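Enquirer: Have a look at the structure that comes next, please.
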Amino acid sequence: MRKTVHSKLIGCYILIGILSFLFATAGGSHSVENYLEDEVGSRLYESAEKFASEETTIQQITDRDIKGLQKITDLLASGEGIDILVLDKNSNILVQSSDITDSFSAQPVTDGAAKAYTEYQISGFDPELWKNRQYIISSFYGYFSGLHLNIAVPVESSSAAIGYVTFHYDMQQLYQKRSGLLGILQMVFLVVYLLCGLLIICYQLWIHLPLQQIIKGASEYANGDLTYRIPVKSEDEMGYLANTLNYMADKINQNGEYQRTFIANVSHDFRSPLTSIKGYVEAILDGTIPPEMQDKYLNIISHEADRLEKLTRSLLVLNDLDEKKRMMNIRRFDINDVIKNTANTFEGTCSKKNIDLELLLFGKELYVEADMEQIQQVLYNLLDNAIKFSNDNSSINIETSVKNGKVFVSVKDHGIGIPKESLSKVWDRFYKTDPSRGKDRKGTGLGLSIVKEIINAHDQNINVISTEGVGTEFIFTLKKAGKLERI
(Lines give C-alpha, C1' and ligand atoms only; values in the text may rest on other atoms or scores of the structure.)
Protein backbone atom coordinates (compact mmCIF):
# COMPACT_ATOMS: atom_id res chain seq x y z
CA MET A 1 0.00 0.00 0.00
CA ARG A 2 1.33 3.43 -0.96
CA LYS A 3 2.19 5.56 2.03
CA THR A 4 0.92 9.13 1.70
CA VAL A 5 2.29 12.24 3.34
CA HIS A 6 -0.95 12.44 5.30
CA SER A 7 -0.62 8.93 6.74
CA LYS A 8 3.03 9.58 7.56
CA LEU A 9 2.07 12.78 9.36
CA ILE A 10 -0.65 11.03 11.40
CA GLY A 11 1.76 8.20 12.25
CA CYS A 12 4.45 10.65 13.35
CA TYR A 13 1.88 12.58 15.41
CA ILE A 14 0.79 9.42 17.27
CA LEU A 15 4.37 8.19 17.74
CA ILE A 16 5.58 11.57 18.99
CA GLY A 17 2.59 11.72 21.35
CA ILE A 18 3.35 8.31 22.88
CA LEU A 19 7.08 8.95 23.20
CA SER A 20 6.51 12.45 24.59
CA PHE A 21 4.01 11.16 27.14
CA LEU A 22 6.42 8.45 28.30
CA PHE A 23 9.26 10.94 28.44
CA ALA A 24 7.14 13.48 30.30
CA THR A 25 5.99 10.81 32.76
CA ALA A 26 9.38 9.18 33.41
CA GLY A 27 11.67 12.15 32.93
CA GLY A 28 9.15 14.53 34.46
CA SER A 29 8.80 12.34 37.53
CA HIS A 30 12.56 12.29 38.06
CA SER A 31 12.92 16.02 37.44
CA VAL A 32 10.03 16.94 39.72
CA GLU A 33 11.36 14.65 42.46
CA ASN A 34 14.84 16.20 42.24
CA TYR A 35 13.34 19.67 42.30
CA LEU A 36 11.23 18.91 45.37
CA GLU A 37 14.16 17.28 47.15
CA ASP A 38 16.38 20.31 46.56
CA GLU A 39 13.64 22.76 47.49
CA VAL A 40 12.66 20.93 50.69
CA GLY A 41 16.28 20.14 51.60
CA SER A 42 17.42 23.77 51.20
CA ARG A 43 14.48 25.14 53.13
CA LEU A 44 14.78 22.70 56.02
CA TYR A 45 18.57 23.05 56.14
CA GLU A 46 18.22 26.80 56.65
CA SER A 47 15.57 26.19 59.30
CA ALA A 48 17.75 23.59 61.06
CA GLU A 49 20.78 25.92 61.02
CA LYS A 50 18.70 28.71 62.48
CA PHE A 51 17.31 26.43 65.21
CA ALA A 52 20.76 25.05 66.07
CA SER A 53 22.34 28.51 66.27
CA GLU A 54 19.78 30.05 68.61
CA GLU A 55 21.08 30.82 72.11
CA THR A 56 17.97 29.25 73.62
CA THR A 57 18.68 25.92 71.96
CA ILE A 58 22.35 26.01 73.00
CA GLN A 59 21.46 26.86 76.58
CA GLN A 60 18.75 24.20 76.88
CA ILE A 61 21.08 21.48 75.59
CA THR A 62 23.85 22.66 77.90
CA ASP A 63 21.48 22.72 80.92
CA ARG A 64 19.69 19.54 79.89
CA ASP A 65 16.40 21.46 79.91
CA ILE A 66 14.43 18.62 78.35
CA LYS A 67 11.02 20.13 79.05
CA GLY A 68 11.78 23.42 77.40
CA LEU A 69 13.62 21.75 74.52
CA GLN A 70 10.64 19.43 74.00
CA LYS A 71 8.20 22.31 73.77
CA ILE A 72 10.25 24.21 71.17
CA THR A 73 10.92 21.01 69.21
CA ASP A 74 7.22 20.09 69.06
CA LEU A 75 6.26 23.61 68.01
CA LEU A 76 8.86 23.71 65.21
CA ALA A 77 8.10 20.16 64.03
CA SER A 78 4.38 20.93 63.83
CA GLY A 79 5.01 24.12 61.85
CA GLU A 80 7.34 22.47 59.36
CA GLY A 81 5.41 19.19 59.11
CA ILE A 82 8.50 17.16 59.95
CA ASP A 83 10.08 15.01 62.66
CA ILE A 84 12.88 16.44 64.80
CA LEU A 85 15.48 14.78 66.97
CA VAL A 86 17.84 16.54 69.33
CA LEU A 87 21.01 14.53 70.09
CA ASP A 88 23.78 15.07 72.55
CA LYS A 89 27.38 14.98 71.43
CA ASN A 90 27.45 11.20 71.91
CA SER A 91 24.52 10.67 69.55
CA ASN A 92 22.11 9.90 72.37
CA ILE A 93 18.55 11.15 71.83
CA LEU A 94 17.68 13.98 74.20
CA VAL A 95 14.34 14.91 72.65
CA GLN A 96 12.19 13.67 69.79
CA SER A 97 9.17 15.54 68.48
CA SER A 98 5.91 14.15 69.84
CA ASP A 99 4.41 13.35 66.42
CA ILE A 100 6.99 10.69 65.57
CA THR A 101 5.15 7.42 64.99
CA ASP A 102 7.31 5.81 62.32
CA SER A 103 10.34 4.97 64.47
CA PHE A 104 11.34 1.69 65.97
CA SER A 105 11.88 3.22 69.45
CA ALA A 106 9.37 6.04 69.67
CA GLN A 107 7.37 6.09 72.90
CA PRO A 108 4.43 8.43 73.58
CA VAL A 109 4.84 11.27 76.02
CA THR A 110 2.17 11.02 78.73
CA ASP A 111 0.76 13.66 81.05
CA GLY A 112 2.63 16.38 79.11
CA ALA A 113 5.83 15.30 80.79
CA ALA A 114 8.98 15.28 78.71
CA LYS A 115 10.98 12.10 78.62
CA ALA A 116 14.65 11.84 77.81
CA TYR A 117 15.67 9.10 75.43
CA THR A 118 19.20 8.88 76.73
CA GLU A 119 18.95 5.11 76.80
CA TYR A 120 18.72 5.09 73.00
CA GLN A 121 21.72 5.97 70.89
CA ILE A 122 21.73 6.57 67.08
CA SER A 123 24.17 3.83 66.25
CA GLY A 124 26.65 4.65 63.52
CA PHE A 125 25.94 8.38 63.48
CA ASP A 126 29.02 10.01 61.91
CA PRO A 127 29.12 13.84 62.20
CA GLU A 128 31.85 14.05 59.54
CA LEU A 129 29.51 12.59 56.95
CA TRP A 130 27.12 15.53 57.31
CA LYS A 131 29.58 18.39 57.12
CA ASN A 132 29.50 18.89 53.34
CA ARG A 133 26.00 17.67 52.65
CA GLN A 134 22.69 19.43 53.11
CA TYR A 135 20.64 16.26 53.28
CA ILE A 136 20.75 12.49 52.95
CA ILE A 137 17.81 10.29 52.01
CA SER A 138 17.75 7.15 54.15
CA SER A 139 16.06 5.57 57.14
CA PHE A 140 18.49 7.57 59.35
CA TYR A 141 20.59 4.65 60.53
CA GLY A 142 17.52 2.42 60.86
CA TYR A 143 15.67 4.79 63.17
CA PHE A 144 12.70 5.10 60.77
CA SER A 145 10.92 2.25 59.06
CA GLY A 146 10.62 4.25 55.82
CA LEU A 147 12.77 6.64 53.81
CA HIS A 148 13.17 10.18 55.07
CA LEU A 149 14.99 13.26 53.86
CA ASN A 150 17.40 13.75 56.74
CA ILE A 151 19.27 16.90 57.77
CA ALA A 152 21.82 17.04 60.61
CA VAL A 153 23.28 20.31 61.92
CA PRO A 154 25.68 20.54 64.88
CA VAL A 155 24.85 22.69 67.90
CA GLU A 156 28.08 24.42 68.88
CA SER A 157 29.22 26.25 71.97
CA SER A 158 32.66 27.82 72.07
CA SER A 159 33.35 26.25 68.63
CA ALA A 160 32.77 22.75 70.03
CA ALA A 161 29.82 20.49 69.22
CA ILE A 162 27.59 19.95 72.25
CA GLY A 163 24.83 18.20 70.32
CA TYR A 164 23.04 17.84 67.02
CA VAL A 165 19.68 18.89 65.61
CA THR A 166 18.28 16.52 63.00
CA PHE A 167 15.26 17.25 60.77
CA HIS A 168 13.45 14.39 59.08
CA TYR A 169 10.98 14.85 56.21
CA ASP A 170 8.92 11.76 55.33
CA MET A 171 9.54 10.94 51.64
CA GLN A 172 5.95 9.75 51.33
CA GLN A 173 4.87 13.38 51.60
CA LEU A 174 7.34 14.31 48.88
CA TYR A 175 6.11 11.46 46.67
CA GLN A 176 2.54 12.67 47.09
CA LYS A 177 3.56 16.19 46.04
CA ARG A 178 5.48 14.73 43.11
CA SER A 179 2.42 12.76 42.01
CA GLY A 180 0.27 15.89 42.20
CA LEU A 181 2.69 17.99 40.16
CA LEU A 182 3.23 15.15 37.71
CA GLY A 183 -0.53 14.86 37.27
CA ILE A 184 -0.69 18.57 36.46
CA LEU A 185 2.21 18.16 34.03
CA GLN A 186 0.43 15.27 32.33
CA MET A 187 -2.78 17.26 32.08
CA VAL A 188 -0.92 20.19 30.51
CA PHE A 189 0.74 17.79 28.07
CA LEU A 190 -2.60 16.25 27.09
CA VAL A 191 -4.14 19.69 26.55
CA VAL A 192 -1.18 20.76 24.38
CA TYR A 193 -1.32 17.43 22.52
CA LEU A 194 -5.02 17.89 21.81
CA LEU A 195 -4.37 21.44 20.60
CA CYS A 196 -1.72 20.03 18.28
CA GLY A 197 -4.37 17.58 17.13
CA LEU A 198 -6.41 20.61 16.02
CA LEU A 199 -3.48 21.50 13.79
CA ILE A 200 -3.79 18.07 12.21
CA ILE A 201 -7.47 18.76 11.58
CA CYS A 202 -6.60 22.16 10.08
CA TYR A 203 -3.99 20.45 7.92
CA GLN A 204 -6.63 17.95 6.83
CA LEU A 205 -9.06 20.69 5.83
CA TRP A 206 -6.70 23.33 4.44
CA ILE A 207 -3.90 21.28 2.88
CA HIS A 208 -4.65 17.56 2.55
CA LEU A 209 -8.13 17.76 0.99
CA PRO A 210 -7.21 20.58 -1.45
CA LEU A 211 -4.03 18.69 -2.31
CA GLN A 212 -6.07 15.57 -3.08
CA GLN A 213 -8.29 17.64 -5.38
CA ILE A 214 -5.24 19.13 -7.07
CA ILE A 215 -3.76 15.64 -7.56
CA LYS A 216 -7.03 14.48 -9.07
CA GLY A 217 -7.02 17.51 -11.39
CA ALA A 218 -3.45 16.81 -12.48
CA SER A 219 -4.42 13.19 -13.18
CA GLU A 220 -7.38 14.35 -15.29
CA TYR A 221 -5.11 16.68 -17.26
CA ALA A 222 -2.60 13.88 -17.78
CA ASN A 223 -5.43 11.71 -19.15
CA GLY A 224 -6.38 14.42 -21.63
CA ASP A 225 -9.41 15.98 -19.92
CA LEU A 226 -8.37 19.64 -20.08
CA THR A 227 -11.92 20.83 -19.35
CA TYR A 228 -11.76 19.55 -15.75
CA ARG A 229 -11.74 22.29 -13.11
CA ILE A 230 -10.04 21.84 -9.74
CA PRO A 231 -12.68 22.91 -7.16
CA VAL A 232 -10.35 24.72 -4.75
CA LYS A 233 -11.58 28.26 -4.06
CA SER A 234 -9.39 29.31 -1.12
CA GLU A 235 -7.23 32.44 -1.23
CA ASP A 236 -4.09 30.74 0.08
CA GLU A 237 -1.22 28.98 -1.71
CA MET A 238 -3.41 25.93 -2.42
CA GLY A 239 -6.02 28.11 -4.10
CA TYR A 240 -3.30 29.89 -6.06
CA LEU A 241 -1.85 26.54 -7.18
CA ALA A 242 -5.29 25.27 -8.20
CA ASN A 243 -6.03 28.46 -10.15
CA THR A 244 -2.62 28.25 -11.82
CA LEU A 245 -3.25 24.65 -12.88
CA ASN A 246 -6.74 25.56 -14.14
CA TYR A 247 -5.23 28.44 -16.09
CA MET A 248 -2.54 26.13 -17.46
CA ALA A 249 -5.20 23.65 -18.59
CA ASP A 250 -7.11 26.46 -20.32
CA LYS A 251 -3.97 27.61 -22.12
CA ILE A 252 -3.05 24.07 -23.19
CA ASN A 253 -6.61 23.53 -24.38
CA GLN A 254 -6.52 26.83 -26.26
CA ASN A 255 -3.19 25.90 -27.81
CA GLY A 256 -4.65 22.58 -28.85
CA GLU A 257 -7.61 24.34 -30.44
CA TYR A 258 -5.23 26.81 -32.06
CA GLN A 259 -3.07 24.01 -33.46
CA ARG A 260 -6.11 22.26 -34.90
CA THR A 261 -7.31 25.53 -36.44
CA PHE A 262 -3.81 26.32 -37.65
CA ILE A 263 -3.47 22.95 -39.36
CA ALA A 264 -6.93 23.30 -40.91
CA ASN A 265 -6.10 26.78 -42.23
CA VAL A 266 -2.70 25.72 -43.55
CA SER A 267 -4.31 22.71 -45.22
CA HIS A 268 -6.94 24.95 -46.81
CA ASP A 269 -4.45 27.57 -48.00
CA PHE A 270 -2.15 24.93 -49.47
CA ARG A 271 -4.93 22.81 -50.94
CA SER A 272 -6.57 25.61 -52.96
CA PRO A 273 -3.51 26.65 -55.04
CA LEU A 274 -2.32 23.04 -55.35
CA THR A 275 -5.72 22.01 -56.66
CA SER A 276 -5.64 24.83 -59.21
CA ILE A 277 -2.08 24.02 -60.29
CA LYS A 278 -2.82 20.30 -60.60
CA GLY A 279 -6.04 20.90 -62.52
CA TYR A 280 -4.54 23.31 -65.01
CA VAL A 281 -1.41 21.19 -65.55
CA GLU A 282 -3.51 18.06 -66.21
CA ALA A 283 -5.74 20.03 -68.58
CA ILE A 284 -2.70 21.25 -70.51
CA LEU A 285 -1.19 17.76 -70.62
CA ASP A 286 -4.33 16.00 -71.84
CA GLY A 287 -5.04 18.72 -74.42
CA THR A 288 -8.21 20.02 -72.77
CA ILE A 289 -6.67 23.49 -72.92
CA PRO A 290 -5.62 24.26 -76.48
CA PRO A 291 -2.06 25.54 -77.11
CA GLU A 292 -3.23 29.05 -77.95
CA MET A 293 -4.74 29.42 -74.41
CA GLN A 294 -1.94 27.76 -72.46
CA ASP A 295 -0.11 31.05 -71.73
CA LYS A 296 -3.14 32.36 -69.86
CA TYR A 297 -3.35 29.32 -67.62
CA LEU A 298 0.39 29.10 -67.15
CA ASN A 299 0.23 32.64 -65.73
CA ILE A 300 -2.47 31.46 -63.30
CA ILE A 301 -0.24 28.54 -62.30
CA SER A 302 2.65 31.00 -61.76
CA HIS A 303 0.48 33.19 -59.54
CA GLU A 304 -0.66 30.22 -57.49
CA ALA A 305 2.97 29.08 -57.11
CA ASP A 306 3.88 32.58 -55.91
CA ARG A 307 1.11 32.33 -53.35
CA LEU A 308 2.44 29.00 -52.10
CA GLU A 309 5.99 30.40 -51.90
CA LYS A 310 4.79 33.43 -49.95
CA LEU A 311 2.77 31.28 -47.56
CA THR A 312 5.74 28.98 -46.93
CA ARG A 313 8.07 31.91 -46.32
CA SER A 314 5.61 33.50 -43.87
CA LEU A 315 5.24 30.24 -41.94
CA LEU A 316 9.02 29.97 -41.60
CA VAL A 317 9.22 33.54 -40.31
CA LEU A 318 6.53 32.87 -37.71
CA ASN A 319 8.28 29.67 -36.66
CA ASP A 320 11.50 31.60 -36.09
CA LEU A 321 9.69 34.26 -34.08
CA ASP A 322 7.71 31.73 -32.00
CA GLU A 323 10.72 29.67 -31.01
CA LYS A 324 12.98 32.69 -30.42
CA LYS A 325 15.38 31.24 -33.01
CA ARG A 326 15.86 34.54 -34.78
CA MET A 327 18.50 36.55 -32.94
CA MET A 328 17.68 40.23 -33.23
CA ASN A 329 20.44 42.53 -34.43
CA ILE A 330 19.66 45.64 -32.44
CA ARG A 331 21.47 48.65 -33.80
CA ARG A 332 21.09 52.36 -34.38
CA PHE A 333 19.58 53.44 -37.71
CA ASP A 334 17.54 56.19 -39.35
CA ILE A 335 13.90 55.12 -39.45
CA ASN A 336 13.04 57.93 -41.88
CA ASP A 337 15.53 56.56 -44.39
CA VAL A 338 14.14 53.01 -44.01
CA ILE A 339 10.60 54.33 -44.59
CA LYS A 340 11.68 56.13 -47.77
CA ASN A 341 13.41 53.03 -49.16
CA THR A 342 10.45 50.78 -48.33
CA ALA A 343 8.00 53.23 -49.91
CA ASN A 344 10.06 53.28 -53.10
CA THR A 345 9.55 49.51 -53.56
CA PHE A 346 5.79 50.08 -53.86
CA GLU A 347 6.05 52.89 -56.44
CA GLY A 348 5.00 50.67 -59.34
CA THR A 349 2.07 49.11 -57.44
CA CYS A 350 0.84 52.52 -56.31
CA SER A 351 1.05 53.89 -59.87
CA LYS A 352 -1.27 51.13 -61.15
CA LYS A 353 -3.95 52.10 -58.61
CA ASN A 354 -3.13 55.82 -58.75
CA ILE A 355 -2.37 55.87 -55.01
CA ASP A 356 -0.23 58.67 -53.56
CA LEU A 357 2.25 57.81 -50.76
CA GLU A 358 2.57 60.86 -48.52
CA LEU A 359 5.56 60.85 -46.15
CA LEU A 360 5.24 63.09 -43.08
CA LEU A 361 8.58 62.47 -41.39
CA PHE A 362 9.89 64.03 -38.17
CA GLY A 363 13.09 65.92 -39.04
CA LYS A 364 15.63 65.05 -41.68
CA GLU A 365 16.93 62.14 -39.59
CA LEU A 366 15.28 60.17 -36.80
CA TYR A 367 17.38 57.44 -35.20
CA VAL A 368 15.95 54.44 -33.40
CA GLU A 369 17.39 51.29 -31.79
CA ALA A 370 15.94 48.11 -33.31
CA ASP A 371 16.55 45.28 -35.75
CA MET A 372 16.48 47.14 -39.08
CA GLU A 373 15.66 44.09 -41.24
CA GLN A 374 12.71 43.14 -39.05
CA ILE A 375 11.37 46.70 -38.97
CA GLN A 376 11.69 46.81 -42.76
CA GLN A 377 9.49 43.71 -42.87
CA VAL A 378 6.95 45.40 -40.55
CA LEU A 379 6.79 48.45 -42.82
CA TYR A 380 6.59 46.26 -45.94
CA ASN A 381 3.69 44.21 -44.53
CA LEU A 382 1.78 47.29 -43.35
CA LEU A 383 2.24 49.13 -46.68
CA ASP A 384 1.34 46.03 -48.67
CA ASN A 385 -1.80 45.65 -46.55
CA ALA A 386 -2.69 49.36 -46.89
CA ILE A 387 -2.30 49.34 -50.69
CA LYS A 388 -4.26 46.10 -51.01
CA PHE A 389 -7.29 47.51 -49.21
CA SER A 390 -7.09 51.12 -50.45
CA ASN A 391 -9.44 52.49 -53.04
CA ASP A 392 -8.07 53.63 -56.38
CA ASN A 393 -7.19 57.31 -56.65
CA SER A 394 -6.65 57.56 -52.85
CA SER A 395 -3.66 58.24 -50.61
CA ILE A 396 -1.62 56.53 -47.91
CA ASN A 397 0.07 58.56 -45.17
CA ILE A 398 3.27 57.39 -43.47
CA GLU A 399 4.15 59.56 -40.50
CA THR A 400 6.81 59.59 -37.78
CA SER A 401 6.68 61.52 -34.52
CA VAL A 402 8.43 61.58 -31.15
CA LYS A 403 6.75 61.51 -27.76
CA ASN A 404 8.00 60.61 -24.28
CA GLY A 405 11.32 59.29 -25.59
CA LYS A 406 9.66 56.93 -28.09
CA VAL A 407 9.28 57.11 -31.87
CA PHE A 408 5.74 56.60 -33.20
CA VAL A 409 5.33 55.30 -36.77
CA SER A 410 1.89 55.53 -38.42
CA VAL A 411 0.67 53.92 -41.64
CA LYS A 412 -2.77 55.25 -42.56
CA ASP A 413 -4.87 54.38 -45.61
CA HIS A 414 -8.21 55.68 -46.90
CA GLY A 415 -9.66 52.37 -47.94
CA ILE A 416 -12.47 50.03 -47.05
CA GLY A 417 -11.64 49.88 -43.31
CA ILE A 418 -12.10 47.00 -40.91
CA PRO A 419 -15.45 46.03 -39.34
CA LYS A 420 -15.59 46.81 -35.62
CA GLU A 421 -16.16 43.17 -34.67
CA SER A 422 -13.00 42.17 -36.57
CA LEU A 423 -10.56 44.65 -34.99
CA SER A 424 -9.55 42.29 -32.18
CA LYS A 425 -8.98 39.41 -34.62
CA VAL A 426 -6.75 41.04 -37.22
CA TRP A 427 -3.64 39.78 -35.39
CA ASP A 428 -4.79 36.15 -35.48
CA ARG A 429 -2.99 33.90 -37.89
CA PHE A 430 -4.85 33.13 -41.13
CA TYR A 431 -7.61 35.59 -40.22
CA LYS A 432 -9.04 37.54 -43.16
CA THR A 433 -11.73 40.18 -42.87
CA ASP A 434 -13.23 39.10 -46.19
CA PRO A 435 -14.49 35.51 -45.77
CA SER A 436 -14.92 35.07 -49.49
CA ARG A 437 -11.24 36.01 -50.01
CA GLY A 438 -12.28 37.67 -53.22
CA LYS A 439 -10.62 40.93 -52.16
CA ASP A 440 -7.39 39.23 -51.18
CA ARG A 441 -6.90 36.08 -53.19
CA LYS A 442 -3.11 36.16 -52.84
CA GLY A 443 -3.10 37.00 -49.13
CA THR A 444 -2.04 34.43 -46.54
CA GLY A 445 -3.60 35.97 -43.46
CA LEU A 446 -0.17 35.93 -41.77
CA GLY A 447 1.17 39.41 -42.52
CA LEU A 448 -0.27 41.18 -39.47
CA SER A 449 0.59 38.20 -37.21
CA ILE A 450 4.23 38.61 -38.28
CA VAL A 451 4.04 42.36 -37.61
CA LYS A 452 2.65 41.76 -34.11
CA GLU A 453 5.31 39.17 -33.28
CA ILE A 454 8.17 41.42 -34.42
CA ILE A 455 6.94 44.46 -32.48
CA ASN A 456 6.38 42.34 -29.36
CA ALA A 457 9.90 40.92 -29.70
CA HIS A 458 11.15 44.53 -29.49
CA ASP A 459 9.08 45.06 -26.29
CA GLN A 460 7.09 47.73 -28.10
CA ASN A 461 3.40 48.22 -28.88
CA ILE A 462 1.24 48.31 -31.99
CA ASN A 463 -2.39 49.44 -32.24
CA VAL A 464 -4.99 49.65 -34.98
CA ILE A 465 -7.68 52.30 -35.48
CA SER A 466 -10.25 51.73 -38.22
CA THR A 467 -13.63 52.93 -39.41
CA GLU A 468 -15.44 50.87 -41.98
CA GLY A 469 -15.68 52.72 -45.28
CA VAL A 470 -13.25 55.44 -44.12
CA GLY A 471 -9.86 53.78 -43.65
CA THR A 472 -7.41 52.12 -41.27
CA GLU A 473 -4.39 53.36 -39.33
CA PHE A 474 -1.69 51.16 -37.79
CA ILE A 475 0.59 52.84 -35.18
CA PHE A 476 3.64 51.17 -33.65
CA THR A 477 6.41 52.41 -31.35
CA LEU A 478 10.18 52.07 -31.39
CA LYS A 479 12.90 52.98 -28.91
CA LYS A 480 14.43 56.35 -29.75
CA ALA A 481 18.22 56.22 -30.04
CA GLY A 482 20.33 58.55 -27.94
CA LYS A 483 22.77 61.04 -29.39
CA LEU A 484 26.18 59.73 -30.37
CA GLU A 485 28.94 60.97 -28.11
CA ARG A 486 31.87 62.55 -29.90
CA ILE A 487 35.26 61.26 -28.82
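Order determines the names: the first chain of the C-alpha coordinates is A, the second B, and so forth; residues in each chain are numbered 1 upward, and ligands are numbered 1 upward as they are shown.
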Sorted by chain and rising residue number, which residues of segment 360-447 of chain A lie within 8 Å of segment 459-480 of chain A, and what are their closest atom pairs and distances in Å to one decimal, counting only C-alpha atoms, as CSV?
Expert:
```
residue,atom,partner,partner_atom,distance
A:Tyr367,CA,A:Lys480,CA,6.3
A:Val368,CA,A:Lys480,CA,4.4
A:Glu369,CA,A:Lys479,CA,5.6
A:Ala370,CA,A:Lys479,CA,7.2
A:Leu382,CA,A:Phe474,CA,7.6
A:Ala386,CA,A:Thr472,CA,7.8
A:Ser390,CA,A:Gly471,CA,7.8
A:Gly405,CA,A:Lys480,CA,6.0
A:Lys406,CA,A:Lys480,CA,5.1
A:Val407,CA,A:Leu478,CA,5.1
A:Phe408,CA,A:Thr477,CA,4.6
A:Val409,CA,A:Phe476,CA,5.4
A:Ser410,CA,A:Ile475,CA,4.4
A:Val411,CA,A:Phe474,CA,5.3
A:Lys412,CA,A:Glu473,CA,4.1
A:Asp413,CA,A:Gly471,CA,5.4
A:His414,CA,A:Gly471,CA,4.1
A:Gly415,CA,A:Gly471,CA,4.5
A:Ile416,CA,A:Gly469,CA,4.5
A:Gly417,CA,A:Glu468,CA,4.1
A:Ile418,CA,A:Glu468,CA,5.2
A:Pro419,CA,A:Glu468,CA,5.5
A:Lys420,CA,A:Thr467,CA,7.5
A:Leu423,CA,A:Val464,CA,7.5
```
Enquirer: Going by DSSP on the backbone, which bits of segment 96-269 of chain A are alpha helix (DSSP H)? Write them as a PyMOL selection string, please.
Expert: chain A and resi 171-203+209-222+237-269
Enquirer: Please measure the separation of atom CA of Lys353 of chain A and atom CA of Asp384 of chain A, giving the value in Å to one decimal.
Expert: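 A separation of 12.8 Å between them.
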Enquirer: Per DSSP on the backbone, filter segment 73-273 of chain A down to the residues in strand (DSSP E) and report them as JSON, numbers by chain.
Expert: {"A": [83, 84, 85, 86, 87, 88, 92, 93, 94, 95, 96, 117, 118, 119, 120, 121, 136, 137, 138, 148, 149, 150, 151, 152, 153, 154, 155, 156, 157, 160, 161, 162, 163, 164, 165, 166, 167, 168, 169, 170]}
Enquirer: Can you tell me which residues surround segment 29-45 of chain A at a distance of at most 9 Å, considering only C-alpha atoms, apart from same-chain residues fewer than 2 positions away, and format the answer as a PyMOL selection string?
Expert: chain A and resi 24-27+47-50+80+134-136+149-153+167-169+174-175+177-179+181-182
Enquirer: Looking at only C-alpha atoms, which of A:Leu198, A:Ala242, A:Met328, A:Leu185 is the one that sits closest to Gln213 of chain A?
Expert: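 Among the listed residues, the smallest separation from Gln213 of chain A belongs to A:Ala242.
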